[in-house]
Structures are given as C-alpha cells and as structure tokens.
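Engineer: Just query_28.txt, nothing more (compact mmCIF, C-alpha atoms and all ligand atoms):
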```txt
# COMPACT_ATOMS: atom_id res chain seq x y z
CA MET T 41 135.91 75.08 -193.02
CA GLY T 42 136.94 75.37 -189.40
CA LEU T 43 140.34 73.81 -189.98
CA LEU T 44 141.13 76.04 -192.92
CA ARG T 45 140.07 79.10 -190.97
CA ASP T 46 142.16 78.06 -187.98
CA TRP T 47 145.18 77.54 -190.20
CA ARG T 48 144.68 80.92 -191.89
CA ARG T 49 144.19 82.57 -188.52
CA ARG T 50 147.38 81.08 -187.08
CA ARG T 51 149.32 82.17 -190.14
CA ALA T 52 147.90 85.70 -190.05
CA ALA T 53 148.53 85.95 -186.32
CA ARG T 54 152.30 85.74 -186.85
CA ARG T 55 152.43 89.15 -188.47
CA ARG T 56 153.58 92.06 -186.31
CA LEU T 57 151.45 95.20 -186.25
CA SER T 58 152.72 98.52 -187.54
CA PRO T 59 154.48 100.42 -184.73
CA SER T 60 152.20 103.41 -185.31
CA ALA T 61 149.19 101.21 -184.55
CA TRP T 62 150.62 100.50 -181.09
CA ALA T 63 151.43 104.17 -180.49
CA ARG T 64 147.92 105.22 -181.44
CA GLY T 65 146.31 102.35 -179.56
CA GLU T 66 148.17 103.20 -176.38
CA ALA T 67 147.14 106.83 -176.67
CA VAL T 68 143.46 105.80 -176.87
CA LEU T 69 143.40 102.85 -174.46
CA PRO T 70 145.42 103.35 -171.27
CA GLY T 71 145.20 99.65 -170.32
CA LEU T 72 147.43 98.61 -173.23
CA ARG T 73 150.54 99.93 -171.54
CA ARG T 74 149.95 97.71 -168.52
CA LEU T 75 149.73 94.44 -170.46
CA ASP T 76 152.52 91.99 -169.78
CA PRO T 77 154.55 90.90 -172.83
CA ALA T 78 152.65 87.63 -173.27
CA ALA T 79 149.22 89.33 -173.22
CA ARG T 80 150.56 92.01 -175.52
CA ARG T 81 151.65 89.39 -178.01
CA ARG T 82 148.26 87.65 -177.79
CA LEU T 83 146.50 90.93 -178.42
CA GLU T 84 148.74 91.57 -181.40
CA ALA T 85 147.97 88.11 -182.79
CA THR T 86 144.22 88.69 -182.35
CA ALA T 87 144.46 92.07 -184.09
CA ALA T 88 146.53 90.65 -186.97
CA ALA T 89 143.98 87.86 -187.44
CA PHE T 90 141.14 90.41 -187.37
CA ALA T 91 142.91 92.51 -190.01
CA ALA T 92 143.35 89.42 -192.22
CA GLU T 93 139.83 88.00 -191.81
CA LYS T 94 137.76 91.14 -192.27
CA ARG T 95 137.28 92.86 -195.60
CA PHE T 96 138.09 96.56 -195.36
CA GLU T 97 136.22 98.68 -197.90
CA GLY T 98 137.00 102.35 -198.34
CA VAL T 99 134.26 104.77 -199.37
CA ALA T 100 134.87 108.07 -201.18
CA ASP T 101 138.55 107.62 -201.96
CA VAL T 102 139.55 106.37 -198.54
CA GLN T 103 142.99 104.85 -198.84
CA ALA T 104 143.42 102.82 -195.71
CA ASP T 105 147.04 101.70 -195.54
CA GLN T 106 148.20 98.80 -193.39
CA ALA T 107 148.97 101.11 -190.46
CA ALA T 108 145.42 102.49 -190.49
CA ILE T 109 143.89 99.00 -190.74
CA ASP T 110 146.15 97.82 -187.92
CA THR T 111 145.03 100.74 -185.73
CA VAL T 112 141.39 99.79 -186.24
CA ALA T 113 142.19 96.10 -185.75
CA LEU T 114 144.11 96.68 -182.54
CA GLN T 115 141.18 98.50 -180.94
CA ALA T 116 138.72 95.91 -182.26
CA ALA T 117 140.83 93.11 -180.76
CA VAL T 118 140.74 94.54 -177.24
CA PRO T 119 137.18 93.48 -176.24
CA VAL T 120 137.63 89.97 -177.69
CA LEU T 121 141.13 89.30 -176.36
CA GLU T 122 139.67 86.86 -173.80
CA LEU T 123 136.24 86.23 -175.36
CA GLY T 124 137.83 85.10 -178.63
CA LEU T 125 137.75 86.40 -182.19
CA ASP T 126 134.81 84.12 -183.04
CA TRP T 127 132.55 86.63 -181.29
CA TYR T 128 132.98 88.68 -184.47
CA ALA T 129 132.43 85.69 -186.76
CA PRO T 130 128.90 86.57 -188.00
CA TRP T 131 130.11 89.56 -190.04
CA THR T 132 132.98 90.21 -192.41
CA THR T 133 133.04 93.76 -193.72
CA VAL T 134 134.41 96.96 -192.23
CA ILE T 135 133.37 100.01 -194.24
CA LEU T 136 135.61 103.03 -193.82
CA TYR T 137 134.41 106.56 -194.52
CA PRO T 138 137.04 109.32 -194.58
CA ALA T 139 135.30 111.24 -191.77
CA GLY T 140 131.84 111.61 -190.25
CA PHE T 141 129.17 110.45 -192.70
CA VAL T 142 125.51 111.10 -193.23
CA ALA T 143 123.54 107.91 -193.03
CA THR T 144 120.04 107.49 -194.36
CA HIS T 145 118.18 104.57 -192.92
CA GLU T 146 114.73 103.25 -193.15
CA TYR T 147 113.58 101.37 -190.13
CA GLU T 148 110.32 99.98 -188.94
CA ASP T 149 109.16 100.80 -185.43
CA ASP T 150 107.09 98.59 -183.12
CA ASP T 151 103.87 99.89 -184.67
CA GLY T 152 105.05 98.90 -188.14
CA VAL T 153 105.74 102.47 -189.24
CA VAL T 154 108.77 102.95 -191.46
CA HIS T 155 110.95 105.92 -190.58
CA VAL T 156 113.86 107.44 -192.38
CA ALA T 157 116.65 108.57 -190.11
CA ARG T 158 119.41 110.87 -191.25
CA GLY T 159 122.28 112.10 -189.24
CA PRO T 160 126.01 112.69 -189.20
CA LEU T 161 127.57 109.59 -187.67
CA ILE T 162 131.07 108.45 -186.87
CA GLY T 163 130.21 104.77 -186.60
CA GLU T 164 127.50 102.19 -187.03
CA ALA T 165 127.04 98.49 -186.43
CA TRP T 166 124.41 96.78 -188.54
CA LEU T 167 122.54 93.76 -187.34
CA ARG T 168 123.83 90.94 -189.59
CA GLY T 169 125.76 93.55 -191.57
CA PRO T 170 128.99 95.48 -191.65
CA LEU T 171 130.77 97.65 -189.16
CA VAL T 172 130.90 101.23 -190.47
CA LEU T 173 133.49 103.72 -189.24
CA SER T 174 134.72 107.22 -189.85
CA LEU T 175 138.43 106.54 -190.34
CA GLU T 176 139.37 109.96 -189.00
CA ASP T 177 137.56 109.26 -185.73
CA ALA T 178 138.71 105.64 -185.57
CA LEU T 179 142.38 106.70 -185.82
CA ALA T 180 142.23 109.68 -183.49
CA PRO T 181 139.13 109.55 -181.27
CA ALA T 182 138.33 112.22 -178.71
CA ALA T 183 139.96 111.63 -175.32
CA GLY T 184 138.28 108.87 -173.33
CA THR T 185 136.43 107.46 -176.35
CA SER T 186 136.93 104.79 -179.00
CA VAL T 187 134.33 104.57 -181.74
CA VAL T 188 135.86 101.25 -182.81
CA ILE T 189 135.28 99.70 -179.39
CA HIS T 190 131.83 101.28 -179.19
CA GLU T 191 130.69 99.70 -182.46
CA CYS T 192 132.38 96.39 -181.64
CA ALA T 193 130.44 96.37 -178.34
CA HIS T 194 127.21 96.61 -180.35
CA LYS T 195 128.42 93.62 -182.38
CA ILE T 196 129.14 91.68 -179.19
CA ASP T 197 125.69 92.63 -177.88
CA MET T 198 124.10 91.46 -181.16
CA ARG T 199 125.69 88.06 -180.94
CA GLN T 200 122.52 86.59 -179.49
CA GLY T 201 120.28 88.37 -182.01
CA ASP T 202 118.93 91.75 -181.05
CA SER T 203 120.99 94.43 -179.42
CA ASN T 204 119.52 95.07 -176.00
CA GLY T 205 122.49 95.64 -173.70
CA LEU T 206 122.62 92.01 -172.60
CA PRO T 207 125.25 90.00 -174.49
CA PRO T 208 125.35 86.24 -173.93
CA LEU T 209 127.02 85.86 -170.54
CA PRO T 210 129.31 83.01 -169.51
CA ARG T 211 127.83 80.52 -167.01
CA SER T 212 129.93 82.02 -164.24
CA MET T 213 128.06 85.33 -164.52
CA PRO T 214 124.45 85.37 -163.25
CA VAL T 215 122.12 87.43 -165.42
CA GLU T 216 120.48 88.86 -162.27
CA ALA T 217 123.71 90.50 -161.08
CA TRP T 218 124.31 91.95 -164.55
CA SER T 219 120.74 93.26 -164.85
CA GLU T 220 120.82 94.77 -161.40
CA ALA T 221 124.13 96.58 -161.92
CA PHE T 222 123.24 97.86 -165.39
CA GLY T 223 119.60 98.59 -164.53
CA ARG T 224 120.50 100.73 -161.54
CA ALA T 225 123.20 102.66 -163.39
CA TYR T 226 120.97 103.19 -166.42
CA ALA T 227 118.14 104.53 -164.24
CA ASP T 228 120.60 106.87 -162.52
CA LEU T 229 121.89 108.22 -165.85
CA ARG T 230 118.32 108.69 -167.12
CA ARG T 231 117.58 110.79 -164.05
CA ARG T 232 120.66 112.90 -164.70
CA THR T 233 119.77 113.52 -168.35
CA ASP T 234 116.20 114.38 -167.31
CA ASP T 235 117.81 116.94 -165.00
CA GLY T 236 119.65 118.46 -167.94
CA MET T 237 122.92 116.55 -168.30
CA GLN T 238 124.07 116.80 -171.94
CA ASP T 239 126.00 114.53 -174.33
CA GLY T 240 129.72 115.19 -174.00
CA ASP T 241 129.43 116.54 -170.44
CA PRO T 242 132.69 115.30 -168.90
CA GLY T 243 131.46 115.67 -165.33
CA GLY T 244 128.95 112.80 -165.30
CA PRO T 245 129.64 109.17 -164.41
CA LEU T 246 129.29 108.21 -168.09
CA ASP T 247 128.52 110.11 -171.27
CA ALA T 248 124.86 111.13 -171.39
CA TYR T 249 124.50 109.46 -174.79
CA ALA T 250 124.41 106.15 -172.89
CA ALA T 251 120.97 107.12 -171.52
CA GLN T 252 119.41 106.59 -174.99
CA ASP T 253 118.58 102.95 -174.40
CA PRO T 254 120.13 99.87 -172.74
CA ALA T 255 122.03 98.91 -175.92
CA GLU T 256 123.73 102.32 -176.07
CA PHE T 257 124.41 102.12 -172.34
CA PHE T 258 126.28 98.85 -172.82
CA ALA T 259 128.25 100.21 -175.80
CA VAL T 260 129.21 103.47 -174.06
CA ALA T 261 130.05 101.64 -170.82
CA THR T 262 132.30 99.23 -172.76
CA GLU T 263 133.96 102.16 -174.49
CA ALA T 264 134.57 103.83 -171.12
CA PHE T 265 135.76 100.55 -169.56
CA PHE T 266 138.66 100.51 -172.02
CA ALA T 267 139.16 104.18 -172.93
CA ALA T 268 138.26 105.94 -169.65
CA PRO T 269 138.36 103.22 -166.99
CA LEU T 270 138.78 105.52 -164.00
CA ARG T 271 135.68 107.49 -164.89
CA LEU T 272 133.56 104.34 -165.16
CA ARG T 273 135.02 102.78 -162.01
CA ARG T 274 134.26 105.92 -160.05
CA GLY T 275 130.86 106.52 -161.65
CA TYR T 276 129.39 103.03 -161.80
CA PRO T 277 131.66 100.62 -159.90
CA GLU T 278 129.20 97.70 -160.16
CA VAL T 279 129.01 98.06 -163.94
CA TYR T 280 132.79 98.27 -164.02
CA ARG T 281 133.05 94.98 -162.10
CA GLN T 282 130.57 93.24 -164.40
CA LEU T 283 132.53 94.34 -167.46
CA GLU T 284 135.78 93.32 -165.83
CA GLN T 285 134.40 89.79 -165.43
CA PHE T 286 132.83 89.73 -168.87
CA TYR T 287 135.83 90.96 -170.85
CA GLY T 288 138.39 89.29 -168.59
CA TRP T 289 140.59 92.41 -168.43
ZN ZN T 301 125.99 103.12 -180.33
```
Take the structure in the file and give it back as structure tokens.

Structural biologist:
Amino acid sequence: MGLLRDWRRRRAARRRLSPSAWARGEAVLPGLRRLDPAARRRLEATAAAFAAEKRFEGVADVQADQAAIDTVALQAAVPVLELGLDWYAPWTTVILYPAGFVATHEYEDDDGVVHVARGPLIGEAWLRGPLVLSLEDALAPAAGTSVVIHECAHKIDMRQGDSNGLPPLPRSMPVEAWSEAFGRAYADLRRRTDDGMQDGDPGGPLDAYAAQDPAEFFAVATEAFFAAPLRLRRGYPEVYRQLEQFYGW
C-alpha cells in the first residue's frame, strides 16, 4: 500500500501547476512570493500530489477545471509543506459547491440533545469526512483570508481525533507553551467580542469569529498566519511564533 502510494505520489508530483494557480495563490498568500526556488518547487510537488490523491466532486453543475483544482491544491499544500501530505491522509474527498451553500446538520450536544443547524457556509471540514468548499470563495477569497487554509487547519487539528485547537505537536514544542500562548490570546479576543467587536472587523488582532471556540481560534489564526501574517504578528506575536514553529514557515 505504502509503496504504491509513494510511487503514485512521486509520479504526480512531477506535474507543474497551472500558471493561474500560482497567480491566484500569490494574491491570497503573500508568503509564496518569498519562497526560494527549491521551496517553491517542493510546494508545487506537494500541491500536485494533493490534486492527484484527493477526489474532487462538484455539486450543482460545478465544473472544476485543472486550474481551479490546482488553485485549491496550492493553498491546501501550504500548511503541510513541512508537516507532510500524510497529515491529510485520513480523508479523500473535496466537495466543491459553486458558491456559498446552505448546510443542514444534525448534531448531538453534550446533554445528548440533537440539534439541526442551518446556515450559509463557504467551507466545512467534517470529522472523518470530506472537506467542503465554496469554489467561488476558494478561488478568490476576501483579502487576508483563505477558506481553503481555514478548513485544512481544522483537518490538521482533527488529526488526533476531536478538533479542539490543539493539533498533535512535535516533541520539540512543549504543550504548555502552546496552551499559554493560545489561551491568553483566546481570552483576550473573547474580552474584545464581549465588548462589542464584530466578525469582519479589520481593526482587531484577529477576526472576531475566532472567539467562537478554541478550534475556530486555531483555524482563524492559521488562516491569518498565511494570508495576513502581519496582522497576526502584531496582534498575537506569541501565537504567531508557535505557528511559525509548528508549520515550519
Ligand atoms: Zn472553522
């Protein structure tokens, strides 16, 4: 199994990405322009392997051409450039909606009550399930955001089971330092939202949506780390440093 996958991965990794994928990727993620040629080539190989290994399913007449798939794959490859593509191994399917979609979910809360949640979404990551994206938002996200990286961060978080904002850390990173940096920043953002800070407010250290729970904080912080690094570095420098160590960028 492993050998066949490695062989397939190496073969897929030789393909070059569509030029438009690079142009779009660089518009979304400022760090891409600063990669040296070797790192750029490694990122391209990771993205090409991602595009080959995942099954892309369009919903409602979505026709995702290779350039669109490459644009999603390039963003998805960024967080696992150093961690390795195997961090995404537990799932295979990427579902693409044309634009924002209305999801209906049943979920059970801690008291065993089943709720049905409905809402317009641009992305979702299911525990042990697919990654779901609005293609429109994945290709041209709002400035300083990347829904692809956001949902991939949830997948990275879920690698040890639940999503709780604490992905499995390498030995070199003490959990205490991570918890302290994230805990302090999360408490600060909660205070700000209690004081009236709103989602989408560009003035805060991080988007207010991150104050929902620790899992969202990790996903939004990861998104900012790659798509709006200056904002995160200024707002929560300790979180920035933890993510720098974790992602190896
Ligand atoms: Zn999220």

Engineer: In Å, rounded to a single decimal, give me how far CA of Ala116 in chain T is from CA of Ala87 in chain T.

Structural biologist: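 Computing it gives 7.1 Å between the two atoms.
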
Engineer: Can you work out which one of T:Pro119, T:Gly184, T:Pro138, T:Pro59 has the shortest atom-to-atom distance to Gly163 in chain T, counting all atoms listed in the file?

Structural biologist: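 Looking only at the distances to Gly163 in chain T, the closest residue turns out to be T:Pro138.
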
Engineer: Please identify the residues whose atoms come within 9 Å of ligand ZN 301 (chain T), using all atoms listed in the file, and report them as number ranges by chain.

Structural biologist: T: 163-165, 187, 190-191, 193-194, 249-250, 255-260

Engineer: Nearest to Gln285 in chain T: which of T:Arg230, T:Pro214, T:Ala92, T:Gln238 is it, counting only C-alpha atoms?

Structural biologist: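 With only C-alpha atoms as the atom set, the closest residue is T:Pro214.
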
Engineer: Tell me which of T:Gln282, T:Ser174, T:Ser58, T:Thr133 sits closest to Leu206 in chain T, counting all atoms listed in the file.

Structural biologist: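 The closest residue to Leu206 in chain T is T:Gln282.
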
Engineer: Which polymer residues, protein or nucleic acid, are no farther than 12 Å from (141.1, 104.2, -176.1), counting all atoms listed in the file, as a PyMOL selection string?

Structural biologist: chain T and resi 62-73+111-112+114-116+118-119+177-190+262-269

Engineer: What is the distance between CA of Gly223 in chain T and CA of Pro254 in chain T, in Å to one decimal?

Structural biologist: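 Computing the Euclidean distance for CA of Gly223 in chain T and CA of Pro254 in chain T yields 8.3 Å.
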
Engineer: How far is it from CA of Glu216 in chain T to CA of Glu278 in chain T, in Å with one decimal?

Structural biologist: 12.6 Å

Engineer: What's the 7 Å shell around Asp110 in chain T, counting only C-alpha atoms, without same-chain residues fewer than 2 positions away, as a PyMOL selection string?

Structural biologist: chain T and resi 57-58+61+91+106-108+112-114

Engineer: Determine, counting all atoms listed in the file, which protein, DNA and RNA residues have an atom within 10 Å of an atom of Arg51 in chain T; residues of the same chain fewer than 3 positions away are not included. Present the result as a list of chain:residue names.

Structural biologist: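 After dropping sequence-adjacent residues, the list is T:Arg45, T:Asp46, T:Trp47, T:Arg48, T:Arg54, T:Arg55, T:Ala85, T:Ala88, T:Ala89, T:Ala92.
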
Engineer: Keeping only C-alpha atoms, write the selected residues to a file as a PDB file, keeping the file's coordinate frame.

Structural biologist:
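File produced: again-v3.pdb:
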```pdb
ATOM      1  CA  ARG T  45     140.070  79.100-190.970  1.00  0.00           C
ATOM      2  CA  ASP T  46     142.160  78.060-187.980  1.00  0.00           C
ATOM      3  CA  TRP T  47     145.180  77.540-190.200  1.00  0.00           C
ATOM      4  CA  ARG T  48     144.680  80.920-191.890  1.00  0.00           C
ATOM      5  CA  ARG T  54     152.300  85.740-186.850  1.00  0.00           C
ATOM      6  CA  ARG T  55     152.430  89.150-188.470  1.00  0.00           C
ATOM      7  CA  ALA T  85     147.970  88.110-182.790  1.00  0.00           C
ATOM      8  CA  ALA T  88     146.530  90.650-186.970  1.00  0.00           C
ATOM      9  CA  ALA T  89     143.980  87.860-187.440  1.00  0.00           C
ATOM     10  CA  ALA T  92     143.350  89.420-192.220  1.00  0.00           C
TER      11      ALA T  92
END
```

Engineer: When distances are computed from all atoms listed in the file, which of T:Leu167, T:Leu175, T:Ala221, T:Leu43 shows the smallest separation from Asp202 in chain T?

Structural biologist: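 For Asp202 in chain T, the nearest of the given residues is T:Leu167.
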
Engineer: Which centre and edge lengths in Å to one decimal define the box along x, y and z that fits every listed atom of range 229-243 of chain T plus 3 Å per side, as JSON?

Structural biologist:
```
{"center_x": 124.4, "center_y": 113.3, "center_z": -169.2, "size_x": 22.5, "size_y": 16.2, "size_z": 16.3}
```

Engineer: As a compact mmCIF listing (two decimals), in the coordinates of the input, please: range 189-214 of chain T completed to N, CA and C atoms.

Structural biologist:
```txt
# COMPACT_ATOMS: atom_id res chain seq x y z
N ILE T 189 135.73 100.56 -180.49
CA ILE T 189 135.28 99.70 -179.39
C ILE T 189 133.78 99.85 -179.18
N HIS T 190 133.27 101.06 -179.33
CA HIS T 190 131.83 101.28 -179.19
C HIS T 190 131.04 100.42 -180.19
N GLU T 191 131.43 100.47 -181.44
CA GLU T 191 130.69 99.70 -182.46
C GLU T 191 130.91 98.20 -182.29
N CYS T 192 132.12 97.82 -181.88
CA CYS T 192 132.38 96.39 -181.64
C CYS T 192 131.54 95.90 -180.46
N ALA T 193 131.30 96.76 -179.47
CA ALA T 193 130.44 96.37 -178.34
C ALA T 193 129.03 96.09 -178.83
N HIS T 194 128.54 96.90 -179.78
CA HIS T 194 127.21 96.61 -180.35
C HIS T 194 127.23 95.23 -181.02
N LYS T 195 128.32 94.93 -181.73
CA LYS T 195 128.42 93.62 -182.38
C LYS T 195 128.41 92.48 -181.36
N ILE T 196 129.09 92.70 -180.25
CA ILE T 196 129.14 91.68 -179.19
C ILE T 196 127.74 91.52 -178.59
N ASP T 197 127.06 92.64 -178.39
CA ASP T 197 125.69 92.63 -177.88
C ASP T 197 124.76 91.87 -178.84
N MET T 198 124.98 92.05 -180.13
CA MET T 198 124.10 91.46 -181.16
C MET T 198 124.36 89.97 -181.36
N ARG T 199 125.32 89.45 -180.66
CA ARG T 199 125.69 88.06 -180.94
C ARG T 199 124.54 87.11 -180.68
N GLN T 200 123.65 87.48 -179.76
CA GLN T 200 122.52 86.59 -179.49
C GLN T 200 121.27 87.02 -180.25
N GLY T 201 121.43 87.91 -181.23
CA GLY T 201 120.28 88.37 -182.01
C GLY T 201 120.16 89.87 -181.90
N ASP T 202 119.16 90.31 -181.20
CA ASP T 202 118.93 91.75 -181.05
C ASP T 202 120.02 92.41 -180.23
N SER T 203 120.11 93.73 -180.35
CA SER T 203 120.99 94.43 -179.42
C SER T 203 120.13 95.06 -178.35
N ASN T 204 120.35 94.62 -177.12
CA ASN T 204 119.52 95.07 -176.00
C ASN T 204 120.32 95.36 -174.74
N GLY T 205 121.65 95.36 -174.87
CA GLY T 205 122.49 95.64 -173.70
C GLY T 205 122.78 94.41 -172.86
N LEU T 206 122.32 93.25 -173.32
CA LEU T 206 122.62 92.01 -172.60
C LEU T 206 123.25 91.01 -173.56
N PRO T 207 124.58 91.00 -173.63
CA PRO T 207 125.25 90.00 -174.49
C PRO T 207 125.12 88.63 -173.83
N PRO T 208 125.36 87.55 -174.56
CA PRO T 208 125.35 86.24 -173.93
C PRO T 208 126.44 86.17 -172.86
N LEU T 209 126.06 85.88 -171.65
CA LEU T 209 127.02 85.86 -170.54
C LEU T 209 127.56 84.45 -170.33
N PRO T 210 128.80 84.34 -169.86
CA PRO T 210 129.31 83.01 -169.51
C PRO T 210 128.54 82.48 -168.29
N ARG T 211 128.55 81.15 -168.12
CA ARG T 211 127.83 80.52 -167.01
C ARG T 211 128.19 81.11 -165.66
N SER T 212 129.45 81.53 -165.53
CA SER T 212 129.93 82.02 -164.24
C SER T 212 129.32 83.37 -163.86
N MET T 213 128.62 84.00 -164.80
CA MET T 213 128.06 85.33 -164.52
C MET T 213 126.53 85.27 -164.50
N PRO T 214 125.92 85.39 -163.31
CA PRO T 214 124.45 85.37 -163.25
C PRO T 214 123.83 86.59 -163.93
```
